[in-house]
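Trainee: Quick one: the structure is below, and I'll ask about it shortly.
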Number of protein chains: 2
Amino acid sequence: MKIEDVVSKIGPLNEEAMKKARDRQDNLTKPQGSLGRLEEISIRIAGVKGEERPKIKRKVIFTAAGDHGVVEEGVSAYPQEVTPQMVFNFLSGGAAINVLARHVGADIVVVDMGVAYDFEANPKLIIKKVAKGTKNMAKEPAMSREEAIKAIEGGIEAFEEEYTKNPMDIIGIGDMGIGNTTPSSAIAAVITGKKVSEVTGRGTGIDDEALQNKIRVIEKAIEVNNPDPKDPLDVLSKVGGFEIGGLAGICLAAASKRVPVVIDGFIATAGALIAGEIARKARDYMIAAHKSVEIGHIAMLNHLGLTPLMDLDMRLGEGTGAALGMFIVEASVKILDEMATFAEAGVSEKEK
Amino acid sequence: MKIEDVVSKIGPLNEEAMKKARDRQDNLTKPQGSLGRLEEISIRIAGVKGEERPKIKRKVIFTAAGDHGVVEEGVSAYPQEVTPQMVFNFLSGGAAINVLARHVGADIVVVDMGVAYDFEANPKLIIKKVAKGTKNMAKEPAMSREEAIKAIEGGIEAFEEEYTKNPMDIIGIGDMGIGNTTPSSAIAAVITGKKVSEVTGRGTGIDDEALQNKIRVIEKAIEVNNPDPKDPLDVLSKVGGFEIGGLAGICLAAASKRVPVVIDGFIATAGALIAGEIARKARDYMIAAHKSVEIGHIAMLNHLGLTPLMDLDMRLGEGTGAALGMFIVEASVKILDEMATFAEAGVSEKEK
């Protein structure tokens, strides 16, 4: 099976490269540790890449899109037609992710994992559609187990096709899908063991009454489908989404090629959570870009052992936080690579 | 007097431009408010620039350097010679600020406000030296009132010379000066009214014993000099530094030209604090890049009414946090300017 094959190729971080990177950081012209998380992240990237002074050249954001049958329960503030409309917006360059990807110098690859719309061929769009939207998880499983596997494999294929065409040094992952905070909260609740009400927020902006309804819908979905928390494919199939499965696959494929993955917000982290349950080692390749406004986000990040780089009160998705996060990661490796050492610059070191 | 002249030219934010920018943000293809602080910052920049869709082209980081007589009290982990050594490192491009400025596309202007070293002329260095280091504030005022005025005026001149040569759209402010967390903590204590121990940290990395000594030195400096918290020039002269005064002057001059100022860490914020006491309106032009590890930083930011954009556990200075902060600010104005509206992109709006 493709998933097992990819998982078998995920290796550990390179400790030797990390040690060399740490030594180098300690000899650069600054007080040791004074660049805080920039130092920490640079050392991790050294471990991911297996190089003392890793370089980041090509940056790619994968934005996976899918639709959700559960929208018929009134869980979103926007109509489902917005999913394909936003995909067109991505393709024509007018969305937030386009602006931020241009700003940080990243390419965008949009992946249709399961939008309820037939797109025509477009060089910027990879089509890995599993189906035209999931089923309504409040009534039945969102997808079959076969479809869950197909979604993850679609993500793996999307990554590998892009990587083969033009290898990248880092990726960001983001999402688009009206209603997709609902399956993400369900995944968060099942995998972290938190109460649904503790991990469910307002998504694109629903009111108090709609939030209470959303919580009830998620509770019902979990009750009806009874997903097994120890089986990530079962969780994905019963209360997940196609783009969430695709993002999980992208995480696994990137880790297997030693490409670091910058995770965006709530939905992308749900995908990363599935990936991290399938392959624990994949977590080492992940960097959390930011803390989303969605209340369940931090529980998922804690479960993954990740501390977000930023908190800018964002809750848009698409990969917007990941784009900014990639730029911070790139800053960190440039610090490691480009700064002068005390000896090179003729600067006196700390007094004893 | 030059300072009064500059202060008289600091106008209020342009409310009309801010209202238009807010309306535009609310019509861009994203849920209202979903870009959080990016939206908020873009609206403020609109108010600063007086434009609905402000552009940021040229970015400049001013790194002001100075020495401190108080180092003879053993308050720093590094010898004083590091101040000029690091200035040379800035000029040759090997310091952290050089790497990060290149990364974000900003120019660097180094300003010698009072380094204990005679630099030769260099096109990248503006020399506004008030004296070769301050006096030891634990024994006498760090500088005379005339010197404090000269430091602020030096900063104003440095900004205006650069602005006249090649106008910039945004600036960042940073510092270099062995020992300069000591006067910064003193300024923080006097102006915010906090205890010295609450606003004094480890600077470049002193141990517990040295930290206790540093606190005693600052307490003594305040006791000996008795600075008047209501008179920022008195505070600067008694327990300040030349680069801190220079940074205050740069803040005032930038605000007078409607140029936003991204403040770096602890020392830069001490300069901004002095500027904000001289001219309250100057605060509207300031954006706090990050929260420093130095424990007194947040008290100063609270006093200024600023919320930092990031917390990356940084404590280096030089303008390193400001460089990353400028990039976030630039992202925010690009979002405001470049994103498609719902009508332009044919995307359906929120359902009622």
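Please note that chains go A, B, ... in the order of the structure tokens, that every chain numbers its residues from 1, and that ligands are numbered from 1 in the order shown.
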Only residues of chain A matter here; which ones have an atom within 8 Å of chain B, counting only C-alpha atoms? Give them as number ranges by chain.

Mentor: A: 29-31, 34-38, 77-79, 81-82, 85-86, 89, 94-96, 99-100, 103, 204-205, 309-316, 324, 328, 331, 334-335, 338-340, 345-352

Trainee: What parts of region 111-289 of chain B does DSSP call strand (DSSP E)? I'd like the answer as an mmCIF file with C-alpha atoms, in the first residue's frame.

Mentor:
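And here's selection_24.cif as it stands now:
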```cif
data_model
loop_
_atom_site.group_PDB
_atom_site.id
_atom_site.type_symbol
_atom_site.label_atom_id
_atom_site.label_comp_id
_atom_site.auth_asym_id
_atom_site.auth_seq_id
_atom_site.Cartn_x
_atom_site.Cartn_y
_atom_site.Cartn_z
ATOM 1 C CA VAL B 111 24.034 55.721 13.528
ATOM 2 C CA ASP B 112 26.930 56.317 15.907
ATOM 3 C CA MET B 113 25.248 58.256 18.707
ATOM 4 C CA GLY B 114 28.047 57.859 21.199
ATOM 5 C CA LEU B 125 27.405 55.088 8.892
ATOM 6 C CA ILE B 126 25.886 58.352 10.063
ATOM 7 C CA ILE B 127 27.974 59.910 12.822
ATOM 8 C CA ILE B 170 8.413 52.556 6.959
ATOM 9 C CA ILE B 171 11.285 52.347 9.405
ATOM 10 C CA GLY B 172 12.434 49.920 12.056
ATOM 11 C CA ILE B 173 14.521 50.999 15.031
ATOM 12 C CA GLY B 174 17.190 48.948 16.755
ATOM 13 C CA ASP B 175 20.195 49.368 19.001
ATOM 14 C CA MET B 176 23.742 48.333 19.763
ATOM 15 C CA VAL B 261 7.967 53.133 13.150
ATOM 16 C CA VAL B 262 8.412 49.429 13.914
ATOM 17 C CA ILE B 263 9.999 49.130 17.330
ATOM 18 C CA MET B 286 4.536 53.033 16.508
ATOM 19 C CA ILE B 287 4.116 49.302 15.980
ATOM 20 C CA ALA B 288 5.690 46.861 18.436
#
```

Trainee: DSSP on the backbone, then: every residue of region 82-152 of chain B marked helix (DSSP H, G or I), written as a PDB file with N, CA, C and O atoms, in the first residue's frame.

Mentor:
```
ATOM      1  N   VAL B  82      33.129  45.510  22.409  1.00  0.00           N
ATOM      2  CA  VAL B  82      32.219  44.825  21.481  1.00  0.00           C
ATOM      3  C   VAL B  82      31.319  45.827  20.746  1.00  0.00           C
ATOM      4  O   VAL B  82      30.898  45.561  19.615  1.00  0.00           O
ATOM      5  N   THR B  83      31.045  46.982  21.360  1.00  0.00           N
ATOM      6  CA  THR B  83      30.173  47.952  20.677  1.00  0.00           C
ATOM      7  C   THR B  83      30.770  48.367  19.322  1.00  0.00           C
ATOM      8  O   THR B  83      30.128  48.165  18.283  1.00  0.00           O
ATOM      9  N   PRO B  84      31.998  48.918  19.270  1.00  0.00           N
ATOM     10  CA  PRO B  84      32.551  49.247  17.942  1.00  0.00           C
ATOM     11  C   PRO B  84      32.786  48.010  17.072  1.00  0.00           C
ATOM     12  O   PRO B  84      32.596  48.076  15.845  1.00  0.00           O
ATOM     13  N   GLN B  85      33.165  46.905  17.688  1.00  0.00           N
ATOM     14  CA  GLN B  85      33.376  45.674  16.900  1.00  0.00           C
ATOM     15  C   GLN B  85      32.086  45.271  16.179  1.00  0.00           C
ATOM     16  O   GLN B  85      32.106  44.870  15.012  1.00  0.00           O
ATOM     17  N   MET B  86      30.973  45.404  16.890  1.00  0.00           N
ATOM     18  CA  MET B  86      29.695  45.047  16.251  1.00  0.00           C
ATOM     19  C   MET B  86      29.298  46.081  15.203  1.00  0.00           C
ATOM     20  O   MET B  86      28.676  45.746  14.194  1.00  0.00           O
ATOM     21  N   VAL B  87      29.661  47.352  15.424  1.00  0.00           N
ATOM     22  CA  VAL B  87      29.400  48.362  14.381  1.00  0.00           C
ATOM     23  C   VAL B  87      30.144  47.966  13.101  1.00  0.00           C
ATOM     24  O   VAL B  87      29.579  48.006  11.999  1.00  0.00           O
ATOM     25  N   PHE B  88      31.385  47.544  13.237  1.00  0.00           N
ATOM     26  CA  PHE B  88      32.119  47.069  12.055  1.00  0.00           C
ATOM     27  C   PHE B  88      31.440  45.845  11.437  1.00  0.00           C
ATOM     28  O   PHE B  88      31.367  45.716  10.212  1.00  0.00           O
ATOM     29  N   ASN B  89      30.939  44.970  12.282  1.00  0.00           N
ATOM     30  CA  ASN B  89      30.206  43.790  11.793  1.00  0.00           C
ATOM     31  C   ASN B  89      28.965  44.214  10.996  1.00  0.00           C
ATOM     32  O   ASN B  89      28.676  43.665   9.929  1.00  0.00           O
ATOM     33  N   PHE B  90      28.246  45.252  11.483  1.00  0.00           N
ATOM     34  CA  PHE B  90      27.086  45.777  10.735  1.00  0.00           C
ATOM     35  C   PHE B  90      27.541  46.303   9.370  1.00  0.00           C
ATOM     36  O   PHE B  90      26.891  46.093   8.351  1.00  0.00           O
ATOM     37  N   LEU B  91      28.673  47.036   9.387  1.00  0.00           N
ATOM     38  CA  LEU B  91      29.119  47.690   8.152  1.00  0.00           C
ATOM     39  C   LEU B  91      29.616  46.666   7.127  1.00  0.00           C
ATOM     40  O   LEU B  91      29.531  46.908   5.925  1.00  0.00           O
ATOM     41  N   SER B  92      30.112  45.525   7.623  1.00  0.00           N
ATOM     42  CA  SER B  92      30.592  44.518   6.672  1.00  0.00           C
ATOM     43  C   SER B  92      29.546  43.441   6.380  1.00  0.00           C
ATOM     44  O   SER B  92      29.784  42.542   5.574  1.00  0.00           O
ATOM     45  N   ALA B  96      23.470  39.672  12.646  1.00  0.00           N
ATOM     46  CA  ALA B  96      22.103  39.166  12.498  1.00  0.00           C
ATOM     47  C   ALA B  96      21.212  40.183  11.785  1.00  0.00           C
ATOM     48  O   ALA B  96      20.416  39.823  10.915  1.00  0.00           O
ATOM     49  N   ILE B  97      21.365  41.458  12.140  1.00  0.00           N
ATOM     50  CA  ILE B  97      20.495  42.457  11.501  1.00  0.00           C
ATOM     51  C   ILE B  97      20.759  42.545  10.005  1.00  0.00           C
ATOM     52  O   ILE B  97      19.825  42.786   9.214  1.00  0.00           O
ATOM     53  N   ASN B  98      22.000  42.324   9.577  1.00  0.00           N
ATOM     54  CA  ASN B  98      22.274  42.340   8.139  1.00  0.00           C
ATOM     55  C   ASN B  98      21.539  41.209   7.436  1.00  0.00           C
ATOM     56  O   ASN B  98      20.945  41.397   6.367  1.00  0.00           O
ATOM     57  N   VAL B  99      21.593  40.021   8.039  1.00  0.00           N
ATOM     58  CA  VAL B  99      20.941  38.854   7.441  1.00  0.00           C
ATOM     59  C   VAL B  99      19.433  39.095   7.344  1.00  0.00           C
ATOM     60  O   VAL B  99      18.823  38.879   6.295  1.00  0.00           O
ATOM     61  N   LEU B 100      18.857  39.583   8.445  1.00  0.00           N
ATOM     62  CA  LEU B 100      17.392  39.745   8.463  1.00  0.00           C
ATOM     63  C   LEU B 100      16.958  40.926   7.598  1.00  0.00           C
ATOM     64  O   LEU B 100      15.898  40.874   6.967  1.00  0.00           O
ATOM     65  N   ALA B 101      17.742  41.978   7.549  1.00  0.00           N
ATOM     66  CA  ALA B 101      17.398  43.117   6.682  1.00  0.00           C
ATOM     67  C   ALA B 101      17.424  42.671   5.220  1.00  0.00           C
ATOM     68  O   ALA B 101      16.514  42.998   4.442  1.00  0.00           O
ATOM     69  N   ARG B 102      18.448  41.925   4.845  1.00  0.00           N
ATOM     70  CA  ARG B 102      18.473  41.397   3.465  1.00  0.00           C
ATOM     71  C   ARG B 102      17.249  40.523   3.224  1.00  0.00           C
ATOM     72  O   ARG B 102      16.613  40.606   2.171  1.00  0.00           O
ATOM     73  N   HIS B 103      16.923  39.701   4.198  1.00  0.00           N
ATOM     74  CA  HIS B 103      15.796  38.762   4.052  1.00  0.00           C
ATOM     75  C   HIS B 103      14.482  39.507   3.794  1.00  0.00           C
ATOM     76  O   HIS B 103      13.657  39.060   2.988  1.00  0.00           O
ATOM     77  N   VAL B 104      14.286  40.612   4.477  1.00  0.00           N
ATOM     78  CA  VAL B 104      13.013  41.340   4.319  1.00  0.00           C
ATOM     79  C   VAL B 104      13.111  42.472   3.295  1.00  0.00           C
ATOM     80  O   VAL B 104      12.126  43.160   3.038  1.00  0.00           O
ATOM     81  N   ARG B 145      21.753  67.740  30.500  1.00  0.00           N
ATOM     82  CA  ARG B 145      20.496  67.988  29.765  1.00  0.00           C
ATOM     83  C   ARG B 145      20.791  68.423  28.333  1.00  0.00           C
ATOM     84  O   ARG B 145      20.087  68.036  27.400  1.00  0.00           O
ATOM     85  N   GLU B 146      21.835  69.200  28.154  1.00  0.00           N
ATOM     86  CA  GLU B 146      22.215  69.655  26.799  1.00  0.00           C
ATOM     87  C   GLU B 146      22.576  68.450  25.919  1.00  0.00           C
ATOM     88  O   GLU B 146      22.234  68.406  24.735  1.00  0.00           O
ATOM     89  N   GLU B 147      23.304  67.522  26.524  1.00  0.00           N
ATOM     90  CA  GLU B 147      23.668  66.316  25.750  1.00  0.00           C
ATOM     91  C   GLU B 147      22.430  65.473  25.407  1.00  0.00           C
ATOM     92  O   GLU B 147      22.366  64.870  24.326  1.00  0.00           O
ATOM     93  N   ALA B 148      21.478  65.421  26.322  1.00  0.00           N
ATOM     94  CA  ALA B 148      20.243  64.671  26.052  1.00  0.00           C
ATOM     95  C   ALA B 148      19.513  65.276  24.856  1.00  0.00           C
ATOM     96  O   ALA B 148      19.035  64.566  23.957  1.00  0.00           O
ATOM     97  N   ILE B 149      19.443  66.595  24.863  1.00  0.00           N
ATOM     98  CA  ILE B 149      18.809  67.281  23.725  1.00  0.00           C
ATOM     99  C   ILE B 149      19.589  66.993  22.439  1.00  0.00           C
ATOM    100  O   ILE B 149      19.006  66.700  21.392  1.00  0.00           O
ATOM    101  N   LYS B 150      20.920  67.048  22.561  1.00  0.00           N
ATOM    102  CA  LYS B 150      21.761  66.800  21.389  1.00  0.00           C
ATOM    103  C   LYS B 150      21.567  65.373  20.858  1.00  0.00           C
ATOM    104  O   LYS B 150      21.585  65.142  19.643  1.00  0.00           O
ATOM    105  N   ALA B 151      21.370  64.422  21.758  1.00  0.00           N
ATOM    106  CA  ALA B 151      21.157  63.033  21.329  1.00  0.00           C
ATOM    107  C   ALA B 151      19.851  62.912  20.548  1.00  0.00           C
ATOM    108  O   ALA B 151      19.803  62.311  19.466  1.00  0.00           O
ATOM    109  N   ILE B 152      18.792  63.510  21.096  1.00  0.00           N
ATOM    110  CA  ILE B 152      17.501  63.443  20.401  1.00  0.00           C
ATOM    111  C   ILE B 152      17.593  64.163  19.057  1.00  0.00           C
ATOM    112  O   ILE B 152      17.126  63.661  18.035  1.00  0.00           O
TER     113      ILE B 152
END
```

Trainee: How far is it from CA of Leu301 (chain A) to CA of Thr269 (chain A), in Å with one decimal?

Mentor: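 One can read the CA of Leu301 (chain A) to CA of Thr269 (chain A) distance as 7.3 Å.
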
Trainee: Would you list the contacts of Ala21 (chain B) as a PyMOL selection string, taking every protein, DNA or RNA residue within 9 Å and counting only C-alpha atoms, but skipping same-chain residues closer than 5 positions in sequence?

Mentor: chain B and resi 16+26+42-44+46-47+51-53+336

Trainee: Could you please take those selected residues and save all heavy atoms as a PDB file, in the first residue's frame?

Mentor:
```
ATOM      1  N   GLU B  16     -10.459  59.331   8.236  1.00  0.00           N
ATOM      2  CA  GLU B  16     -11.185  59.069   6.989  1.00  0.00           C
ATOM      3  C   GLU B  16     -10.521  57.906   6.222  1.00  0.00           C
ATOM      4  O   GLU B  16     -11.198  56.988   5.753  1.00  0.00           O
ATOM      5  CB  GLU B  16     -11.174  60.350   6.138  1.00  0.00           C
ATOM      6  CG  GLU B  16     -11.837  60.248   4.790  1.00  0.00           C
ATOM      7  CD  GLU B  16     -13.343  60.049   4.875  1.00  0.00           C
ATOM      8  OE1 GLU B  16     -13.921  60.323   5.959  1.00  0.00           O
ATOM      9  OE2 GLU B  16     -13.925  59.596   3.868  1.00  0.00           O
ATOM     10  N   ASP B  26     -13.397  44.789   4.948  1.00  0.00           N
ATOM     11  CA  ASP B  26     -14.639  44.035   5.162  1.00  0.00           C
ATOM     12  C   ASP B  26     -15.241  43.507   3.860  1.00  0.00           C
ATOM     13  O   ASP B  26     -16.160  42.690   3.892  1.00  0.00           O
ATOM     14  CB  ASP B  26     -15.665  44.901   5.900  1.00  0.00           C
ATOM     15  CG  ASP B  26     -15.299  45.070   7.367  1.00  0.00           C
ATOM     16  OD1 ASP B  26     -14.410  44.338   7.846  1.00  0.00           O
ATOM     17  OD2 ASP B  26     -15.895  45.927   8.028  1.00  0.00           O
ATOM     18  N   SER B  42      -3.039  46.987   9.052  1.00  0.00           N
ATOM     19  CA  SER B  42      -3.190  47.652   7.750  1.00  0.00           C
ATOM     20  C   SER B  42      -4.027  48.915   7.889  1.00  0.00           C
ATOM     21  O   SER B  42      -3.772  49.919   7.222  1.00  0.00           O
ATOM     22  CB  SER B  42      -3.830  46.698   6.732  1.00  0.00           C
ATOM     23  OG  SER B  42      -5.216  46.520   6.986  1.00  0.00           O
ATOM     24  N   ILE B  43      -5.037  48.845   8.762  1.00  0.00           N
ATOM     25  CA  ILE B  43      -5.908  50.009   8.963  1.00  0.00           C
ATOM     26  C   ILE B  43      -5.126  51.134   9.643  1.00  0.00           C
ATOM     27  O   ILE B  43      -5.260  52.308   9.307  1.00  0.00           O
ATOM     28  CB  ILE B  43      -7.167  49.589   9.761  1.00  0.00           C
ATOM     29  CG1 ILE B  43      -8.037  48.677   8.885  1.00  0.00           C
ATOM     30  CG2 ILE B  43      -7.949  50.811  10.248  1.00  0.00           C
ATOM     31  CD1 ILE B  43      -9.090  47.878   9.631  1.00  0.00           C
ATOM     32  N   ARG B  44      -4.269  50.747  10.590  1.00  0.00           N
ATOM     33  CA  ARG B  44      -3.465  51.793  11.237  1.00  0.00           C
ATOM     34  C   ARG B  44      -2.496  52.429  10.234  1.00  0.00           C
ATOM     35  O   ARG B  44      -2.317  53.646  10.238  1.00  0.00           O
ATOM     36  CB  ARG B  44      -2.695  51.252  12.438  1.00  0.00           C
ATOM     37  CG  ARG B  44      -1.964  52.381  13.159  1.00  0.00           C
ATOM     38  CD  ARG B  44      -2.367  52.495  14.603  1.00  0.00           C
ATOM     39  NE  ARG B  44      -1.824  51.386  15.323  1.00  0.00           N
ATOM     40  CZ  ARG B  44      -0.575  51.369  15.828  1.00  0.00           C
ATOM     41  NH1 ARG B  44       0.201  52.438  15.695  1.00  0.00           N
ATOM     42  NH2 ARG B  44      -0.142  50.343  16.477  1.00  0.00           N
ATOM     43  N   ALA B  46      -2.950  52.774   7.137  1.00  0.00           N
ATOM     44  CA  ALA B  46      -3.769  53.681   6.321  1.00  0.00           C
ATOM     45  C   ALA B  46      -3.921  55.025   7.031  1.00  0.00           C
ATOM     46  O   ALA B  46      -3.815  56.086   6.405  1.00  0.00           O
ATOM     47  CB  ALA B  46      -5.137  53.046   6.054  1.00  0.00           C
ATOM     48  N   GLY B  47      -4.145  54.979   8.336  1.00  0.00           N
ATOM     49  CA  GLY B  47      -4.274  56.215   9.114  1.00  0.00           C
ATOM     50  C   GLY B  47      -2.975  57.002   9.182  1.00  0.00           C
ATOM     51  O   GLY B  47      -2.964  58.232   9.131  1.00  0.00           O
ATOM     52  N   GLU B  51      -3.916  57.226   3.495  1.00  0.00           N
ATOM     53  CA  GLU B  51      -4.326  56.621   2.223  1.00  0.00           C
ATOM     54  C   GLU B  51      -5.146  55.365   2.499  1.00  0.00           C
ATOM     55  O   GLU B  51      -4.816  54.587   3.388  1.00  0.00           O
ATOM     56  CB  GLU B  51      -3.099  56.199   1.396  1.00  0.00           C
ATOM     57  CG  GLU B  51      -2.225  57.345   0.954  1.00  0.00           C
ATOM     58  CD  GLU B  51      -0.875  56.854   0.426  1.00  0.00           C
ATOM     59  OE1 GLU B  51      -0.802  55.696  -0.045  1.00  0.00           O
ATOM     60  OE2 GLU B  51       0.093  57.627   0.501  1.00  0.00           O
ATOM     61  N   GLU B  52      -6.185  55.132   1.672  1.00  0.00           N
ATOM     62  CA  GLU B  52      -7.016  53.941   1.836  1.00  0.00           C
ATOM     63  C   GLU B  52      -6.217  52.665   1.577  1.00  0.00           C
ATOM     64  O   GLU B  52      -6.427  51.648   2.221  1.00  0.00           O
ATOM     65  CB  GLU B  52      -8.193  54.006   0.851  1.00  0.00           C
ATOM     66  CG  GLU B  52      -9.116  52.797   0.927  1.00  0.00           C
ATOM     67  CD  GLU B  52     -10.158  52.784  -0.191  1.00  0.00           C
ATOM     68  OE1 GLU B  52     -10.307  53.820  -0.879  1.00  0.00           O
ATOM     69  OE2 GLU B  52     -10.808  51.742  -0.380  1.00  0.00           O
ATOM     70  N   ARG B  53      -5.322  52.738   0.586  1.00  0.00           N
ATOM     71  CA  ARG B  53      -4.524  51.564   0.212  1.00  0.00           C
ATOM     72  C   ARG B  53      -3.045  51.932   0.189  1.00  0.00           C
ATOM     73  O   ARG B  53      -2.445  52.063  -0.870  1.00  0.00           O
ATOM     74  CB  ARG B  53      -4.986  51.050  -1.161  1.00  0.00           C
ATOM     75  CG  ARG B  53      -6.416  50.525  -1.137  1.00  0.00           C
ATOM     76  CD  ARG B  53      -7.031  50.423  -2.520  1.00  0.00           C
ATOM     77  NE  ARG B  53      -6.512  49.292  -3.273  1.00  0.00           N
ATOM     78  CZ  ARG B  53      -7.132  48.801  -4.361  1.00  0.00           C
ATOM     79  NH1 ARG B  53      -8.269  49.331  -4.790  1.00  0.00           N
ATOM     80  NH2 ARG B  53      -6.607  47.782  -5.006  1.00  0.00           N
ATOM     81  N   LEU B 336      -4.453  44.390   2.146  1.00  0.00           N
ATOM     82  CA  LEU B 336      -5.432  45.469   1.949  1.00  0.00           C
ATOM     83  C   LEU B 336      -5.469  45.935   0.491  1.00  0.00           C
ATOM     84  O   LEU B 336      -6.530  46.205  -0.069  1.00  0.00           O
ATOM     85  CB  LEU B 336      -5.071  46.643   2.876  1.00  0.00           C
ATOM     86  CG  LEU B 336      -5.931  47.896   2.815  1.00  0.00           C
ATOM     87  CD1 LEU B 336      -7.380  47.589   3.174  1.00  0.00           C
ATOM     88  CD2 LEU B 336      -5.374  48.963   3.768  1.00  0.00           C
TER      89      LEU B 336
END
```

Trainee: Which residues, written as number ranges by chain, have at least one atom at most 8 Å from Asn180 (chain B), with only C-alpha atoms counted and residues fewer than 3 positions away on the same chain left out?

Mentor: B: 67-68, 176-177, 183-184, 241, 267

Trainee: Check the smallest atom-to-atom distance from each of B:Glu160, B:Glu198, B:Glu40, B:Asp23 to Ala255 (chain B) using only C-alpha atoms, then report the winner.

Mentor: B:Glu160

Trainee: Suppose you want the space between CA of Lys57 (chain B) and CA of Gly105 (chain B); what is it in Å?

Mentor: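 Spanning CA of Lys57 (chain B) to CA of Gly105 (chain B) is a straight-line distance of 9.5 Å.
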
Trainee: Ile278 (chain A): which residues within 10 Å, counting only C-alpha atoms, same-chain residues fewer than 2 positions away excluded, as a list in words?

Mentor: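 Here the qualifying residues turn out to be Ile3, Glu4, Val7, Lys230, Asp231, Pro232, Leu233, Ala248, Gly249, Leu252, Ala272, Leu273, Ile274, Ala275, Gly276, Arg280, Lys281 and Ala282 of chain A.
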